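A short worksheet on the structure shown next.
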Amino acid sequence: MSFDQKTREADRIYDEFEPPSDWDHEDTSDTLILMLPGFKKDQLRVQVTSTRVLRVSGERQMNEKKWRRFRKEFSIPPHSDTNNIGAKFEAGILYIKLPKLISQQNIVPTPTKPTTQQEPQKPQQPATIPQKPNTAPQVSDQKKQVVQQEPKKEIEEVSQRKGKGKAEELKEDIDDVNNKVASKVAEKKSLTMEMVSRQRQEYVNALCGLVDEVKKQKKLVNLLVLVFLVLLFGLYVKNVINSFFSGGHKNQEL
């Protein structure tokens, strides 16, 4: 680095600021979002230290001597994979994605059934059941049909109740999922609106700064014009005085 460059950097006036940031947590990764309106990709820097610290910094030039810069550090979660961290910069927003590690403890080994030796089957001997004399009174065919239909009806009613219970449980699960999705969408929408309002405020502040700079330059130009007119008026007065005295000296000689 040359001496001129060092002196130029020493004359810079830095405006420190803290950009708004937020986290987006998902099942497979965590994403850090930073709002950086007015910055370019080559003006930003993302670093990962050996102590699991994520360091984000950047600076940009506002005018000849005024610069704007920031520097933020975030601790990396223990479940994040530091070897596969990626960054993306789009439309004034910096996205830093931290993928999560796949834990080996979550993999449950499938149990193996022990092999058992089959015991040799014993020969079955036919069992002889003594027949008892049928002394019960005979039942008519209609009564038998009524007795057989009653347990069938009870079974059908129980199955219908179980079906209704499962349908209600499934409907409740679907309602819970829809409510969670709606709340997450509303949360992301509110976050996006907040980021847009912050970005708009940043643009307004930058525009006000430019207007102030232009006003200062106009005041300087007016001051220079006034000094120039004063000098011209002084030269004019001097010439008039010199011409007056030189004319009076000539009249005395005559």
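By convention here, the chains of the structure tokens are called A, B, ... in the order presented, each chain's residues are numbered starting at 1, and ligands are numbered starting at 1 in the order presented.
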Find the spatial neighbours of A:Ser50, counting only C-alpha atoms, within a cut-off of 12 Å - ignore same-chain residues fewer than 5 positions away - and output them as JSON, numbers by chain. {"A": [55, 75, 76, 82, 83]}
May I have the residues within 6 Å of A:Leu44 as a PyMOL selection string, using only C-alpha atoms and disregarding those fewer than 2 positions away in the same chain? chain A and resi 41-42+57-58
Selection above as a file: N, CA and C atoms, as an mmCIF file, in the first residue's frame:
data_model
loop_
_atom_site.group_PDB
_atom_site.id
_atom_site.type_symbol
_atom_site.label_atom_id
_atom_site.label_comp_id
_atom_site.auth_asym_id
_atom_site.auth_seq_id
_atom_site.Cartn_x
_atom_site.Cartn_y
_atom_site.Cartn_z
ATOM 1 N N LYS A 41 -22.260 -6.682 -3.617
ATOM 2 C CA LYS A 41 -21.732 -7.967 -3.171
ATOM 3 C C LYS A 41 -20.244 -7.879 -2.831
ATOM 4 N N ASP A 42 -19.471 -7.103 -3.647
ATOM 5 C CA ASP A 42 -18.029 -7.010 -3.407
ATOM 6 C C ASP A 42 -17.679 -6.118 -2.223
ATOM 7 N N SER A 57 -19.109 -8.318 7.901
ATOM 8 C CA SER A 57 -18.688 -6.917 7.882
ATOM 9 C C SER A 57 -18.832 -6.377 6.464
ATOM 10 N N GLY A 58 -18.807 -5.032 6.373
ATOM 11 C CA GLY A 58 -18.908 -4.383 5.073
ATOM 12 C C GLY A 58 -18.753 -2.885 5.213
#
Correct to one decimal, the distance atom CA of A:Ser197-atom CA of A:Pro19 is 13.2 Å
Exercise for review: Pick out the residues sitting within 8 Å of A:Thr31, and hand them over as a ChimeraX atom specification; count only C-alpha atoms, and ignore anything fewer than 4 positions along from it in its own chain.
Suggested key: /A:23-25,95-98
Atom CA of A:Leu191 to atom CA of A:Asp15 measures 26.5 Å
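Contact shell of A:Pro37 at 9 Å (only C-alpha atoms; same-chain neighbours under 3 positions omitted): Lys40, Ala91, Gly92, Ile93, Gln199, Arg200, Glu202 and Tyr203 of chain A.
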